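**Q** Structure file coords_31.cif (mmCIF, C-alpha atoms and all ligand atoms) right here:
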```cif
data_run
loop_
_atom_site.label_atom_id
_atom_site.label_comp_id
_atom_site.auth_asym_id
_atom_site.auth_seq_id
_atom_site.Cartn_x
_atom_site.Cartn_y
_atom_site.Cartn_z
CA MET A 82 1.89 20.85 -33.27
CA THR A 83 3.02 17.37 -34.25
CA ALA A 84 4.49 15.31 -31.48
CA PRO A 85 7.77 13.58 -32.28
CA ASN A 86 8.39 9.90 -31.97
CA ALA A 87 11.96 10.36 -30.73
CA GLN A 88 13.15 7.66 -28.34
CA PRO A 89 15.85 9.26 -26.21
CA LEU A 90 16.02 6.47 -23.63
CA GLN A 91 18.20 3.47 -24.34
CA SER A 92 15.48 1.34 -22.82
CA LEU A 93 12.33 1.89 -20.78
CA ASP A 94 14.32 0.72 -17.75
CA GLU A 95 16.41 3.84 -17.94
CA TRP A 96 13.45 5.82 -16.61
CA GLU A 97 12.99 3.43 -13.70
CA ASP A 98 16.71 3.37 -12.94
CA ASP A 99 16.57 7.14 -12.83
CA LEU A 100 13.66 6.99 -10.37
CA LYS A 101 15.87 5.00 -8.04
CA THR A 102 18.47 7.74 -8.19
CA ARG A 103 15.82 10.28 -7.27
CA TYR A 104 14.14 8.10 -4.65
CA PRO A 105 16.86 5.92 -3.17
CA GLU A 106 15.77 3.01 -1.05
CA ALA A 107 17.05 4.54 2.19
CA ASP A 108 14.49 7.28 1.65
CA LYS A 109 11.62 5.19 2.97
CA PRO A 110 9.09 5.64 4.39
CA ALA A 111 8.36 7.71 1.35
CA PHE A 112 5.28 9.46 2.58
CA LEU A 113 7.10 11.36 5.32
CA ALA A 114 8.05 14.80 4.04
CA THR A 115 11.73 15.54 4.47
CA ASP A 116 13.39 18.84 5.24
CA PRO A 117 12.47 21.13 2.30
CA GLU A 118 15.94 22.73 2.17
CA LYS A 119 17.61 19.35 2.00
CA LYS A 120 15.11 18.29 -0.60
CA LYS A 121 15.91 21.30 -2.79
CA GLU A 122 19.60 20.61 -2.58
CA GLU A 123 19.10 16.94 -3.40
CA PHE A 124 17.06 17.88 -6.41
CA ARG A 125 19.72 20.30 -7.64
CA ASN A 126 22.27 17.51 -7.43
CA TYR A 127 19.93 15.12 -9.17
CA ALA A 128 19.25 17.57 -12.03
CA LYS A 129 22.96 18.26 -12.45
CA ASN A 130 23.80 14.58 -12.67
CA ALA A 131 20.80 13.35 -14.67
CA ARG A 132 21.71 11.62 -17.89
CA PRO A 133 21.11 13.71 -21.05
CA SER A 134 18.85 10.94 -22.38
CA VAL A 135 16.64 11.12 -19.29
CA ARG A 136 16.54 14.90 -19.43
CA GLU A 137 15.51 14.78 -23.10
CA PHE A 138 12.89 12.15 -22.32
CA TYR A 139 11.28 14.44 -19.73
CA ARG A 140 11.54 17.44 -22.06
CA LEU A 141 9.47 15.59 -24.66
CA ASN A 142 7.06 14.22 -22.06
CA HIS A 143 6.39 17.61 -20.50
CA THR A 144 6.14 19.37 -23.84
CA TYR A 145 3.62 17.05 -25.48
CA GLN A 146 1.50 15.60 -22.68
CA SER A 147 -1.20 18.25 -22.92
CA TYR A 148 -4.87 18.03 -21.99
CA ASP A 149 -5.91 17.52 -25.63
CA PHE A 150 -3.22 14.90 -26.17
CA VAL A 151 -4.40 12.87 -23.18
CA LYS A 152 -8.07 13.12 -24.19
CA ALA A 153 -7.22 11.93 -27.71
CA LYS A 154 -5.16 8.96 -26.49
CA LYS A 155 -7.88 7.92 -24.08
CA ALA A 156 -10.56 8.15 -26.77
CA ASP A 157 -8.44 5.94 -28.99
CA TYR A 158 -6.93 3.30 -26.68
CA LEU A 159 -9.71 2.93 -24.14
CA LYS A 160 -11.99 1.45 -26.75
CA LEU A 161 -9.82 -1.60 -26.00
CA ASN A 162 -10.33 -2.85 -29.52
CA ARG A 163 -6.76 -3.67 -30.47
CA ARG A 164 -6.13 -7.21 -29.29
CA GLN A 165 -7.70 -10.10 -27.40
CA MET A 166 -5.11 -11.75 -25.17
CA THR A 167 -4.92 -13.65 -21.91
CA VAL A 168 -2.78 -12.02 -19.23
CA TRP A 169 0.02 -14.53 -19.79
CA GLU A 170 -0.13 -13.90 -23.56
CA ALA A 171 0.10 -10.17 -22.89
CA ALA A 172 3.16 -10.74 -20.71
CA GLU A 173 4.81 -12.78 -23.47
CA TYR A 174 3.83 -10.16 -26.02
CA LEU A 175 5.38 -7.43 -23.88
CA ASN A 176 8.54 -9.49 -23.71
CA ASN A 177 8.95 -8.87 -27.45
CA LEU A 178 9.84 -5.33 -26.60
CA VAL A 179 13.32 -5.07 -27.98
CA ASP A 180 15.23 -2.06 -26.86
CA ASP A 181 18.86 -1.36 -26.17
CA SER A 182 18.92 -2.67 -22.63
CA ASP A 183 21.79 -4.97 -21.75
CA PRO A 184 20.59 -8.61 -21.87
CA ASP A 185 23.35 -9.72 -19.47
CA THR A 186 22.51 -7.36 -16.64
CA ASP A 187 19.02 -6.05 -17.33
CA LEU A 188 15.88 -8.01 -16.69
CA SER A 189 13.43 -8.72 -19.46
CA GLN A 190 9.97 -7.20 -19.04
CA LEU A 191 8.56 -10.57 -17.97
CA GLU A 192 11.36 -10.99 -15.44
CA HIS A 193 10.62 -7.57 -13.92
CA LEU A 194 6.96 -8.51 -13.55
CA LEU A 195 7.77 -11.87 -12.00
CA GLN A 196 10.37 -10.42 -9.70
CA THR A 197 8.01 -7.72 -8.44
CA ALA A 198 5.23 -10.27 -7.92
CA GLU A 199 7.51 -12.84 -6.29
CA HIS A 200 8.77 -10.30 -3.78
CA ILE A 201 5.17 -9.43 -2.91
CA ARG A 202 4.41 -13.14 -2.58
CA GLN A 203 7.40 -13.75 -0.30
CA ASP A 204 6.12 -11.05 2.01
CA GLY A 205 2.87 -12.97 2.47
CA GLN A 206 0.67 -10.35 0.82
CA PRO A 207 -2.83 -11.23 -0.46
CA ARG A 208 -3.19 -12.99 -3.80
CA TRP A 209 -4.69 -9.98 -5.58
CA PHE A 210 -1.64 -7.94 -4.48
CA ILE A 211 0.68 -10.53 -6.05
CA LEU A 212 -1.37 -10.40 -9.25
CA ALA A 213 -1.23 -6.59 -9.29
CA GLY A 214 2.57 -6.94 -9.16
CA PHE A 215 2.52 -9.37 -12.04
CA ILE A 216 0.40 -7.19 -14.34
CA HIS A 217 1.40 -3.66 -13.29
CA ASP A 218 3.59 -2.94 -16.33
CA LEU A 219 1.65 -4.82 -19.01
CA GLY A 220 0.44 -1.45 -20.29
CA LYS A 221 3.93 -0.97 -21.68
CA ILE A 222 2.70 -2.87 -24.73
CA LEU A 223 1.77 0.66 -25.86
CA CYS A 224 5.37 0.78 -27.09
CA LEU A 225 4.66 -2.17 -29.36
CA TYR A 226 1.78 -0.23 -30.89
CA GLY A 227 4.30 2.44 -31.86
CA GLU A 228 3.81 4.93 -29.03
CA PRO A 229 6.91 6.96 -28.17
CA GLN A 230 8.58 6.37 -24.80
CA TRP A 231 7.29 9.68 -23.43
CA ALA A 232 3.68 8.49 -23.96
CA VAL A 233 4.24 5.13 -22.24
CA VAL A 234 6.43 5.71 -19.19
CA GLY A 235 7.48 8.64 -17.01
CA ASP A 236 6.15 10.04 -13.76
CA THR A 237 2.49 10.82 -14.38
CA PHE A 238 0.78 14.10 -13.44
CA PRO A 239 -2.66 15.69 -13.84
CA VAL A 240 -3.41 17.58 -17.03
CA GLY A 241 -6.20 20.17 -17.22
CA CYS A 242 -4.87 22.14 -14.25
CA ALA A 243 -1.61 23.77 -13.14
CA PHE A 244 1.54 21.64 -13.25
CA SER A 245 3.16 21.30 -9.86
CA ASP A 246 6.68 22.66 -9.62
CA LYS A 247 7.57 19.53 -7.66
CA ILE A 248 7.28 17.45 -10.83
CA VAL A 249 10.71 16.38 -11.99
CA PHE A 250 12.14 18.85 -14.55
CA SER A 251 9.04 21.02 -14.22
CA GLU A 252 10.82 23.79 -16.16
CA PHE A 253 10.10 21.85 -19.34
CA PHE A 254 6.38 22.55 -18.95
CA SER A 255 7.13 26.01 -20.34
CA ALA A 256 6.82 24.40 -23.79
CA ASN A 257 3.49 22.69 -23.03
CA PRO A 258 0.63 24.44 -24.89
CA ASP A 259 -1.63 24.27 -21.80
CA ILE A 260 0.58 26.72 -20.01
CA ASN A 261 -0.84 29.48 -22.24
CA ASP A 262 -4.46 28.60 -21.52
CA PRO A 263 -5.78 30.56 -18.52
CA LYS A 264 -8.20 27.82 -17.51
CA LEU A 265 -5.91 24.82 -17.99
CA SER A 266 -3.03 26.50 -16.21
CA SER A 267 -5.04 27.60 -13.18
CA ARG A 268 -4.77 25.78 -9.86
CA LEU A 269 -8.05 23.89 -10.22
CA GLY A 270 -8.25 24.01 -14.00
CA VAL A 271 -11.21 21.99 -15.24
CA TYR A 272 -11.68 20.27 -11.83
CA GLU A 273 -13.39 20.99 -8.55
CA GLU A 274 -11.65 21.13 -5.19
CA GLY A 275 -11.47 17.61 -3.71
CA ALA A 276 -13.28 16.13 -6.73
CA GLY A 277 -11.46 12.82 -6.39
CA LEU A 278 -8.82 11.38 -8.70
CA GLY A 279 -11.44 9.43 -10.62
CA GLN A 280 -12.48 12.78 -12.13
CA VAL A 281 -8.92 13.76 -13.03
CA ASP A 282 -7.04 13.01 -16.25
CA LEU A 283 -3.41 12.09 -15.69
CA SER A 284 -0.75 12.21 -18.37
CA TRP A 285 -1.17 9.25 -20.71
CA GLY A 286 0.85 6.09 -20.24
CA HIS A 287 1.03 2.44 -19.22
CA ASP A 288 -0.67 2.91 -15.83
CA GLU A 289 -3.99 4.20 -17.14
CA TYR A 290 -4.08 1.63 -19.91
CA ILE A 291 -3.70 -1.48 -17.70
CA TYR A 292 -6.17 -0.02 -15.20
CA HIS A 293 -8.86 0.08 -17.88
CA VAL A 294 -8.11 -3.43 -19.11
CA VAL A 295 -8.81 -4.97 -15.68
CA LYS A 296 -10.96 -2.38 -13.93
CA ASP A 297 -14.09 -4.49 -13.56
CA ARG A 298 -12.30 -7.54 -12.23
CA MET A 299 -9.83 -6.66 -9.50
CA PRO A 300 -10.21 -5.32 -5.95
CA GLU A 301 -10.13 -1.56 -5.69
CA GLN A 302 -6.83 -1.53 -3.79
CA ALA A 303 -5.20 -3.29 -6.73
CA LEU A 304 -6.79 -0.86 -9.17
CA TYR A 305 -5.30 2.09 -7.31
CA MET A 306 -1.86 0.46 -7.40
CA LEU A 307 -2.12 -0.12 -11.12
CA ARG A 308 -3.52 3.27 -12.03
CA TYR A 309 -1.28 5.43 -9.86
CA HIS A 310 1.98 3.55 -9.50
CA SER A 311 3.83 6.17 -11.61
CA PHE A 312 2.06 9.13 -9.99
CA TYR A 313 5.22 10.14 -8.11
CA PRO A 314 4.13 13.78 -7.77
CA ALA A 315 1.35 12.52 -5.48
CA HIS A 316 2.67 9.40 -3.76
CA ARG A 317 6.21 10.69 -3.23
CA GLU A 318 5.94 14.48 -3.41
CA LEU A 319 2.49 14.75 -1.78
CA GLU A 320 1.29 17.20 -4.41
CA TYR A 321 -2.27 17.45 -5.74
CA ASN A 322 -3.84 16.66 -2.40
CA TYR A 323 -6.44 19.30 -3.31
CA LEU A 324 -7.76 17.14 -6.13
CA MET A 325 -8.07 14.05 -3.95
CA ASN A 326 -10.95 13.05 -1.74
CA ASP A 327 -10.74 11.12 1.52
CA HIS A 328 -11.26 7.83 -0.25
CA ASP A 329 -8.27 8.49 -2.52
CA ARG A 330 -6.14 9.28 0.52
CA GLU A 331 -7.21 6.04 2.14
CA MET A 332 -6.47 4.05 -1.00
CA PHE A 333 -3.07 5.69 -1.50
CA LYS A 334 -1.81 3.65 1.44
CA TRP A 335 -1.90 0.76 -1.00
CA VAL A 336 -0.16 2.74 -3.73
CA ASN A 337 2.57 3.49 -1.20
CA ALA A 338 2.72 -0.15 -0.15
CA PHE A 339 3.21 -1.20 -3.75
CA ASN A 340 5.88 1.29 -4.77
CA PRO A 341 8.92 -0.30 -3.05
CA TYR A 342 8.21 -3.64 -4.74
CA ASP A 343 8.23 -1.91 -8.10
CA LEU A 344 11.37 0.16 -7.56
CA TYR A 345 13.61 -1.89 -5.34
CA THR A 346 13.37 -5.50 -6.41
CA LYS A 347 15.31 -5.14 -9.62
CA ASN A 348 18.71 -6.28 -8.42
CA HIS A 349 17.56 -9.59 -7.04
CA ALA A 350 18.17 -12.89 -8.83
CA LYS A 351 16.47 -13.55 -12.17
CA PRO A 352 13.22 -15.47 -11.75
CA ASP A 353 12.63 -18.68 -13.68
CA ALA A 354 9.58 -17.90 -15.82
CA GLN A 355 8.79 -21.48 -16.84
CA LYS A 356 8.99 -22.76 -13.29
CA LEU A 357 6.76 -19.97 -11.99
CA ARG A 358 4.27 -20.11 -14.82
CA PRO A 359 1.81 -22.63 -13.23
CA PHE A 360 1.46 -20.52 -10.09
CA TYR A 361 0.75 -17.38 -12.12
CA GLU A 362 -1.59 -19.10 -14.57
CA ASP A 363 -3.58 -20.26 -11.57
CA LEU A 364 -3.61 -16.78 -10.04
CA ILE A 365 -4.65 -15.24 -13.37
CA SER A 366 -7.51 -17.70 -13.77
CA GLU A 367 -8.78 -16.75 -10.32
CA TYR A 368 -9.24 -13.03 -11.10
CA LEU A 369 -8.69 -12.48 -14.80
CA PRO A 370 -9.65 -15.67 -16.66
CA GLY A 371 -9.70 -16.02 -20.42
CA LYS A 372 -8.93 -13.47 -23.07
CA LEU A 373 -9.09 -9.81 -22.10
CA SER A 374 -9.72 -6.86 -24.42
CA TRP A 375 -6.62 -4.70 -24.89
FE FE B 401 5.24 0.88 -14.31
FE FE B 402 7.41 -1.67 -12.87
#
```
Could you write out this structure as structure tokens?

**A**
Amino acid sequence: MTAPNAQPLQSLDEWEDDLKTRYPEADKPAFLATDPEKKKEEFRNYAKNARPSVREFYRLNHTYQSYDFVKAKKADYLKLNRRQMTVWEAAEYLNNLVDDSDPDTDLSQLEHLLQTAEHIRQDGQPRWFILAGFIHDLGKILCLYGEPQWAVVGDTFPVGCAFSDKIVFSEFFSANPDINDPKLSSRLGVYEEGAGLGQVDLSWGHDEYIYHVVKDRMPEQALYMLRYHSFYPAHRELEYNYLMNDHDREMFKWVNAFNPYDLYTKNHAKPDAQKLRPFYEDLISEYLPGKLSW
């Protein structure tokens, strides 16, 4: 099966805008389960109104993000032998991402990173938290290496075990080859009960990539934010608890703390990158100095 390189989304932002439709800001605190009947109805409305481009994006994502696909991408990218760049250079490189977003209303990639980080900073959060905000989407440079949108963004989910029916557009998993494998489609799949997320392969994308680039240099809370910020099936839908251990559950408080900064800061005023640069260069040199391997 060859995976297509189709790019149904107008821009990567279209996925995040869609997340806001699914998880509106009023919905917080996110980790409190809502009435399941209401939830079902909300989802029906969401699915009915979802843009065709978003639907097609998830169809591709759910069809091709198989266990073998993820293993192959990890084996390739996690050698981190593609580029040597400082964090600021990576942010500028990511800003080359030219898609069909509207330059008048949409933020550039760098602006989204700065806006997320600035909001975290204004709330008086620790410096590593601000830095996590600044770097959280740098893994989207996968697009610049030629990866299709569905292998860069999208809600992430475990592969190697059954797909939760709470994953958005879960019906599209019917085309995923793993669904025909008795082991890979079983509840535990290749994992053990409560094994811990560190043992679990999630669908491939920008979260896992940035996590590996910085994993030896940032506090663990930041690493959880980076690695799991798109894991909506867990941090919003509370699925896959059976793969987590107590430490994951403890650390997911930080993933939950991060999520609103990522989703709900987009409409604020555009940050001034050149004015903010000295602060961020200083912050980068504190935790992530010099050139990193990407
Ligand atoms: Fe992201
Ligand atoms: Fe983001």

**Q** Collect all residues with atoms no farther than 8 Å from ligand FE 402 (chain B), counting only C-alpha atoms and all ligand atoms, and output them as a VMD selection string.

**A** chain A and resid 97 193 to 194 197 217 to 218 343 to 344

**Q** Quick one: distance from CA of Ser311 (chain A) to CA of Leu223 (chain A) in Å, one decimal?

**A** 15.4 Å

**Q** List as a VMD selection string the protein and nucleic acid residues lying within 12 Å of ligand FE 401 (chain B), with only C-alpha atoms and all ligand atoms counted.

**A** chain A and resid 93 to 94 96 to 98 100 190 193 to 194 197 213 to 222 233 to 237 286 to 292 306 to 313 339 to 344

**Q** Please tabulate, as JSON lines, the residues of region 205-281 of chain A that come within 12 Å of region 114-137 of chain A, each with its closest pair of atoms and the distance in Å to one decimal, counting all atoms listed in the file and ordering rows by chain, then residue number upward.

**A**
```
{"residue": "A:Gln230", "atom": "CA", "partner": "A:Val135", "partner_atom": "CA", "distance": 10.9}
{"residue": "A:Trp231", "atom": "CA", "partner": "A:Glu137", "partner_atom": "CA", "distance": 9.7}
{"residue": "A:Val234", "atom": "CA", "partner": "A:Val135", "partner_atom": "CA", "distance": 11.6}
{"residue": "A:Gly235", "atom": "CA", "partner": "A:Val135", "partner_atom": "CA", "distance": 9.8}
{"residue": "A:Asp236", "atom": "CA", "partner": "A:Val135", "partner_atom": "CA", "distance": 11.9}
{"residue": "A:Asp246", "atom": "CA", "partner": "A:Lys121", "partner_atom": "CA", "distance": 11.6}
{"residue": "A:Lys247", "atom": "CA", "partner": "A:Phe124", "partner_atom": "CA", "distance": 9.7}
{"residue": "A:Ile248", "atom": "CA", "partner": "A:Phe124", "partner_atom": "CA", "distance": 10.7}
{"residue": "A:Val249", "atom": "CA", "partner": "A:Phe124", "partner_atom": "CA", "distance": 8.6}
{"residue": "A:Phe250", "atom": "CA", "partner": "A:Ala128", "partner_atom": "CA", "distance": 7.7}
{"residue": "A:Ser251", "atom": "CA", "partner": "A:Arg136", "partner_atom": "CA", "distance": 11.0}
{"residue": "A:Glu252", "atom": "CA", "partner": "A:Arg136", "partner_atom": "CA", "distance": 11.1}
{"residue": "A:Phe253", "atom": "CA", "partner": "A:Arg136", "partner_atom": "CA", "distance": 9.5}
```

**Q** Find the residue from A:Asn326, A:Ser284, A:Gln91, A:Ser366 that sits nearest to Val151 (chain A); use all atoms listed in the file when measuring.

**A** A:Ser284

**Q** Pick from A:Ser147, A:Gly241, A:Glu192, A:Pro89: nearest to Gln355 (chain A), with all atoms listed in the file counted?

**A**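 For Gln355 (chain A), the nearest of the candidates is A:Glu192.
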
**Q** Which is closest to Tyr305 (chain A) among A:Val336, A:Asp99, A:Phe238, A:Trp285, if we use all atoms listed in the file?

**A** A:Val336

**Q** Between CA of Cys242 (chain A) and CA of Arg317 (chain A), what is the spacing in Å?

**A**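 A separation of 19.4 Å between them.
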